>>> print(open('entry24.csv').read())   # CSV, C-alpha atoms
chain,number,residue,atom,x,y,z
Y,624,MET,CA,-118.3,-83.8,-44.5
Y,625,PRO,CA,-115.0,-83.3,-42.5
Y,626,VAL,CA,-115.0,-83.7,-38.8
Y,627,ILE,CA,-114.0,-80.5,-36.9
Y,628,ALA,CA,-112.3,-81.0,-33.6
Y,629,PRO,CA,-113.7,-78.9,-30.7
Y,630,MET,CA,-111.7,-75.8,-29.6
Y,631,PRO,CA,-109.5,-76.4,-26.5
Y,632,ALA,CA,-111.0,-75.1,-23.3
Y,633,SER,CA,-108.0,-72.8,-22.6
Y,634,ILE,CA,-108.8,-70.6,-25.6
Y,635,PRO,CA,-111.2,-67.7,-24.7
Y,636,THR,CA,-114.6,-67.8,-26.3
Y,637,GLN,CA,-113.9,-64.4,-28.1
Y,638,LEU,CA,-111.1,-66.0,-30.1
Y,639,GLN,CA,-113.0,-69.1,-31.1
Y,640,GLY,CA,-114.8,-67.2,-33.8
Y,641,ALA,CA,-111.6,-65.3,-34.9
Y,642,ASP,CA,-110.1,-65.9,-38.3
Y,643,ASP,CA,-106.8,-67.7,-39.0
Y,644,THR,CA,-104.6,-64.6,-39.0
Y,645,MET,CA,-105.4,-63.9,-35.3
Y,646,ALA,CA,-105.0,-67.6,-34.3
Y,647,ALA,CA,-101.7,-67.7,-36.1
Y,648,GLY,CA,-100.3,-64.7,-34.1
Y,649,THR,CA,-99.3,-61.2,-34.8
Y,650,THR,CA,-99.0,-60.5,-38.5
Y,651,VAL,CA,-96.1,-58.8,-40.2
Y,652,ASP,CA,-98.3,-55.9,-41.3
Y,653,HIS,CA,-99.4,-55.4,-37.7
Y,654,LEU,CA,-95.8,-55.5,-36.5
Y,655,THR,CA,-94.8,-53.0,-39.2
Y,656,GLU,CA,-97.6,-50.6,-38.2
Y,657,THR,CA,-96.5,-51.0,-34.5
Y,658,TYR,CA,-93.0,-50.2,-35.6
Y,659,ARG,CA,-94.0,-47.0,-37.3
Y,660,ALA,CA,-96.3,-45.9,-34.4
Y,661,HIS,CA,-94.2,-46.8,-31.4
Y,662,TYR,CA,-90.5,-46.8,-32.5
Y,663,ARG,CA,-89.8,-43.4,-30.9
Y,664,SER,CA,-91.5,-44.2,-27.6
Y,665,LEU,CA,-89.6,-47.5,-27.4
Y,666,LEU,CA,-86.4,-45.6,-28.1
Y,667,GLY,CA,-87.3,-43.2,-25.3
Y,668,LEU,CA,-87.8,-46.2,-23.0
Y,669,ALA,CA,-84.4,-47.5,-23.8
Y,670,ALA,CA,-82.9,-44.1,-23.4
Y,671,LEU,CA,-84.1,-44.0,-19.8
Y,672,LEU,CA,-82.4,-47.3,-19.1
Y,673,LEU,CA,-79.2,-46.9,-21.2
Y,674,ASP,CA,-76.7,-44.0,-21.6
Y,675,ASP,CA,-75.9,-43.7,-25.3
Y,676,THR,CA,-78.1,-43.3,-28.4
Y,677,ALA,CA,-76.4,-46.1,-30.4
Y,678,SER,CA,-77.1,-48.7,-27.7
Y,679,CYS,CA,-80.7,-47.5,-27.4
Y,680,GLU,CA,-81.2,-47.9,-31.2
Y,681,ASP,CA,-79.6,-51.3,-31.2
Y,682,VAL,CA,-81.8,-52.5,-28.3
Y,683,VAL,CA,-85.0,-51.3,-30.0
Y,684,GLN,CA,-84.0,-52.9,-33.3
Y,685,GLU,CA,-83.2,-56.1,-31.6
Y,686,ALA,CA,-86.5,-56.1,-29.8
Y,687,PHE,CA,-88.4,-55.8,-33.1
Y,688,ILE,CA,-86.3,-58.6,-34.6
Y,689,ARG,CA,-87.1,-60.9,-31.7
Y,690,VAL,CA,-90.8,-60.1,-31.7
Y,691,HIS,CA,-90.9,-60.6,-35.5
Y,692,SER,CA,-89.2,-64.0,-35.0
Y,693,ALA,CA,-91.7,-64.9,-32.2
Y,694,ARG,CA,-94.8,-63.3,-33.7
Y,695,LYS,CA,-96.7,-66.5,-33.9
Y,696,ARG,CA,-96.5,-66.8,-30.1
Y,697,VAL,CA,-98.0,-63.4,-29.6
Y,698,ARG,CA,-101.6,-64.6,-30.0
Y,699,ASP,CA,-103.3,-61.3,-29.2
Y,700,PRO,CA,-102.1,-58.5,-31.6
Y,701,GLU,CA,-103.1,-55.9,-28.9
Y,702,LYS,CA,-100.3,-57.3,-26.7
Y,703,THR,CA,-97.6,-56.8,-29.3
Y,704,LEU,CA,-96.6,-53.4,-27.9
Y,705,ALA,CA,-96.5,-54.8,-24.3
Y,706,TYR,CA,-94.3,-57.6,-25.5
Y,707,LEU,CA,-92.1,-55.1,-27.3
Y,708,ARG,CA,-91.7,-53.0,-24.2
Y,709,GLN,CA,-90.8,-55.9,-22.0
Y,710,THR,CA,-88.3,-57.1,-24.6
Y,711,VAL,CA,-86.7,-53.6,-24.7
Y,712,VAL,CA,-86.4,-53.6,-20.9
Y,713,ASN,CA,-84.9,-57.1,-20.9
Y,714,LEU,CA,-82.4,-56.3,-23.6
Y,715,SER,CA,-81.4,-53.0,-21.9
Y,716,ARG,CA,-80.8,-55.0,-18.7
Y,717,SER,CA,-78.6,-57.5,-20.6
Y,718,THR,CA,-76.7,-54.6,-22.2
Y,719,LEU,CA,-75.9,-53.1,-18.8
Y,720,ARG,CA,-74.9,-56.5,-17.4
Y,721,ARG,CA,-72.5,-57.1,-20.2
Y,722,ARG,CA,-71.0,-53.6,-19.7
Y,723,ILE,CA,-70.5,-54.2,-16.0
Y,724,LEU,CA,-69.0,-57.6,-16.6
Y,725,GLY,CA,-66.7,-56.2,-19.2
Y,726,LEU,CA,-65.5,-53.4,-16.9
Y,727,LYS,CA,-64.8,-56.0,-14.2
Y,728,LEU,CA,-62.9,-58.2,-16.5
Y,729,LEU,CA,-60.8,-55.5,-18.1
Y,730,THR,CA,-57.3,-55.3,-16.8
Y,731,LYS,CA,-56.4,-51.9,-15.4
Y,732,PRO,CA,-54.7,-49.8,-18.0
Y,733,MET,CA,-51.1,-48.7,-17.6
Y,734,PRO,CA,-50.9,-45.3,-15.9
Y,735,ASP,CA,-50.2,-42.4,-18.2
Y,736,MET,CA,-46.6,-41.4,-18.2
Y,737,ALA,CA,-45.9,-38.0,-16.6
Y,738,SER,CA,-44.7,-35.3,-19.0
Y,739,ALA,CA,-41.2,-34.0,-18.6
Y,740,GLU,CA,-42.6,-30.8,-17.0
Y,741,GLU,CA,-44.5,-32.8,-14.4
Y,742,GLY,CA,-41.4,-34.9,-13.7
Y,743,ALA,CA,-39.3,-31.8,-13.3
Y,744,TYR,CA,-41.9,-30.2,-11.0
Y,745,ASP,CA,-42.0,-33.3,-8.9
Y,746,LEU,CA,-38.3,-33.3,-8.6
Y,747,LEU,CA,-38.3,-29.6,-7.5
Y,748,GLU,CA,-40.9,-30.3,-4.9
Y,749,ARG,CA,-39.0,-33.4,-3.6
Y,750,ASP,CA,-35.8,-31.3,-3.4
Y,751,ALA,CA,-37.6,-28.6,-1.5
Y,752,LEU,CA,-39.0,-31.2,0.9
Y,753,LYS,CA,-35.6,-32.7,1.5
Y,754,LYS,CA,-34.1,-29.3,2.1
Y,755,ALA,CA,-36.9,-28.4,4.6
Y,756,LEU,CA,-36.5,-31.7,6.4
Y,757,LYS,CA,-32.8,-31.0,6.8
Y,758,GLY,CA,-33.7,-27.7,8.5
Y,759,LEU,CA,-35.7,-29.5,11.2
Y,760,GLN,CA,-34.4,-30.5,14.6
Y,761,ARG,CA,-33.0,-34.0,14.6
Y,762,ARG,CA,-35.8,-35.6,16.6
Y,763,GLN,CA,-38.5,-33.9,14.6
Y,764,ARG,CA,-36.9,-35.2,11.4
Y,765,GLU,CA,-36.5,-38.7,12.8
Y,766,VAL,CA,-40.2,-38.8,13.9
Y,767,LEU,CA,-41.6,-37.5,10.6
Y,768,VAL,CA,-39.4,-39.8,8.5
Y,769,LEU,CA,-40.3,-42.9,10.5
Y,770,ARG,CA,-44.0,-42.0,10.8
Y,771,TYR,CA,-44.7,-40.9,7.2
Y,772,PHE,CA,-42.0,-42.3,5.0
Y,773,ALA,CA,-41.5,-45.6,6.8
Y,774,ASP,CA,-45.3,-45.8,7.5
Y,775,MET,CA,-44.8,-46.7,11.1
Y,776,THR,CA,-47.4,-46.2,13.8
Y,777,GLU,CA,-46.8,-43.7,16.6
Y,778,ALA,CA,-46.2,-46.6,19.0
Y,779,GLN,CA,-43.7,-48.2,16.7
Y,780,VAL,CA,-41.8,-44.8,16.3
Y,781,ALA,CA,-41.7,-44.4,20.1
Y,782,GLU,CA,-40.3,-47.9,20.5
Y,783,ALA,CA,-37.7,-47.4,17.7
Y,784,LEU,CA,-36.5,-44.1,19.0
Y,785,GLY,CA,-36.8,-45.0,22.7
Y,786,ILE,CA,-39.0,-42.1,23.6
Y,787,SER,CA,-42.5,-41.8,25.0
Y,788,LEU,CA,-45.7,-41.8,22.8
Y,789,GLY,CA,-46.4,-38.2,24.0
Y,790,SER,CA,-43.0,-37.1,22.8
Y,791,VAL,CA,-43.6,-38.7,19.4
Y,792,LYS,CA,-46.8,-36.8,19.0
Y,793,ALA,CA,-45.2,-33.5,20.1
Y,794,TYR,CA,-42.2,-33.9,17.9
Y,795,GLY,CA,-44.4,-34.9,15.0
Y,796,SER,CA,-46.8,-31.9,15.5
Y,797,ARG,CA,-44.0,-29.4,15.8
Y,798,GLY,CA,-42.1,-30.9,12.8
Y,799,ILE,CA,-45.2,-30.7,10.5
Y,800,ALA,CA,-45.7,-27.1,11.6
Y,801,ALA,CA,-42.1,-26.2,10.8
Y,802,LEU,CA,-42.3,-28.0,7.5
Y,803,ARG,CA,-45.4,-26.0,6.5
Y,804,VAL,CA,-43.6,-22.8,7.2
Y,805,ALA,CA,-40.4,-23.9,5.4
Y,806,MET,CA,-42.3,-25.1,2.3
Y,807,GLU,CA,-44.4,-21.9,2.0
Y,808,ALA,CA,-41.4,-19.6,2.3
Y,809,PRO,CA,-40.2,-18.4,-1.0
Y,810,ALA,CA,-36.9,-20.0,-2.1
>>> encode(input="entry24.csv", output="structure tokens")
Amino acid sequence: MPVIAPMPASIPTQLQGADDTMAAGTTVDHLTETYRAHYRSLLGLAALLLDDTASCEDVVQEAFIRVHSARKRVRDPEKTLAYLRQTVVNLSRSTLRRRILGLKLLTKPMPDMASAEEGAYDLLERDALKKALKGLQRRQREVLVLRYFADMTEAQVAEALGISLGSVKAYGSRGIAALRVAMEAPA
């Protein structure tokens, strides 16, 4: 008569009388039935975490593949669905991480070239601005050019022109008001 080793203490007493299929893990038939019954709900779970249907389907399929590969480790067939849900969540997180990393690593694309019409329109606007600037008083023009085109601070403009900070603010304010009027006037 063969000697039977005692069951380890870590296995619950309910499983001690279980047959070999439960002790061996989740069966393929049980996994197939779980697939049929819960595919849509797992797809919905992935849809809440991801943004496109194709990625959701890929994640759910990959989850079933991984659970199938590890079915012997899922000792309790009742926990198969929980294991699948957790796998879907983890795979969704991984997908999002890869996307974010991919976006960070991508080089910035070249800016789109402006169409000929846009270029012509920009040229017309630039010409109108130059014409309006020429119509300003000399000090107003100097303050605006140094302040906005040379990107200088008001203090730097005052020092460069040898005038007070208050004068720079006054010339700048009056110059902008005059530019608005000149640019809005029909040509």
>>> closest_residue(input="entry24.csv", among="Y:Val780, Y:Val651, Y:Val766, Y:Leu788", to="Y:Ser692", atoms="all atoms listed in the file")
Y:Val651
>>> residues_near_point(input="entry24.csv", point="(-41.3, -39.3, 10.5)", cutoff="12 Å", atoms="only C-alpha atoms", output="VMD selection string")
chain Y and resid 756 759 to 777 779 to 781 783 to 784 791 to 799 802
>>> closest_residue(input="entry24.csv", among="Y:Leu726, Y:Leu746, Y:Leu665, Y:Ala739", to="Y:Leu714", atoms="all atoms listed in the file")
Y:Leu665
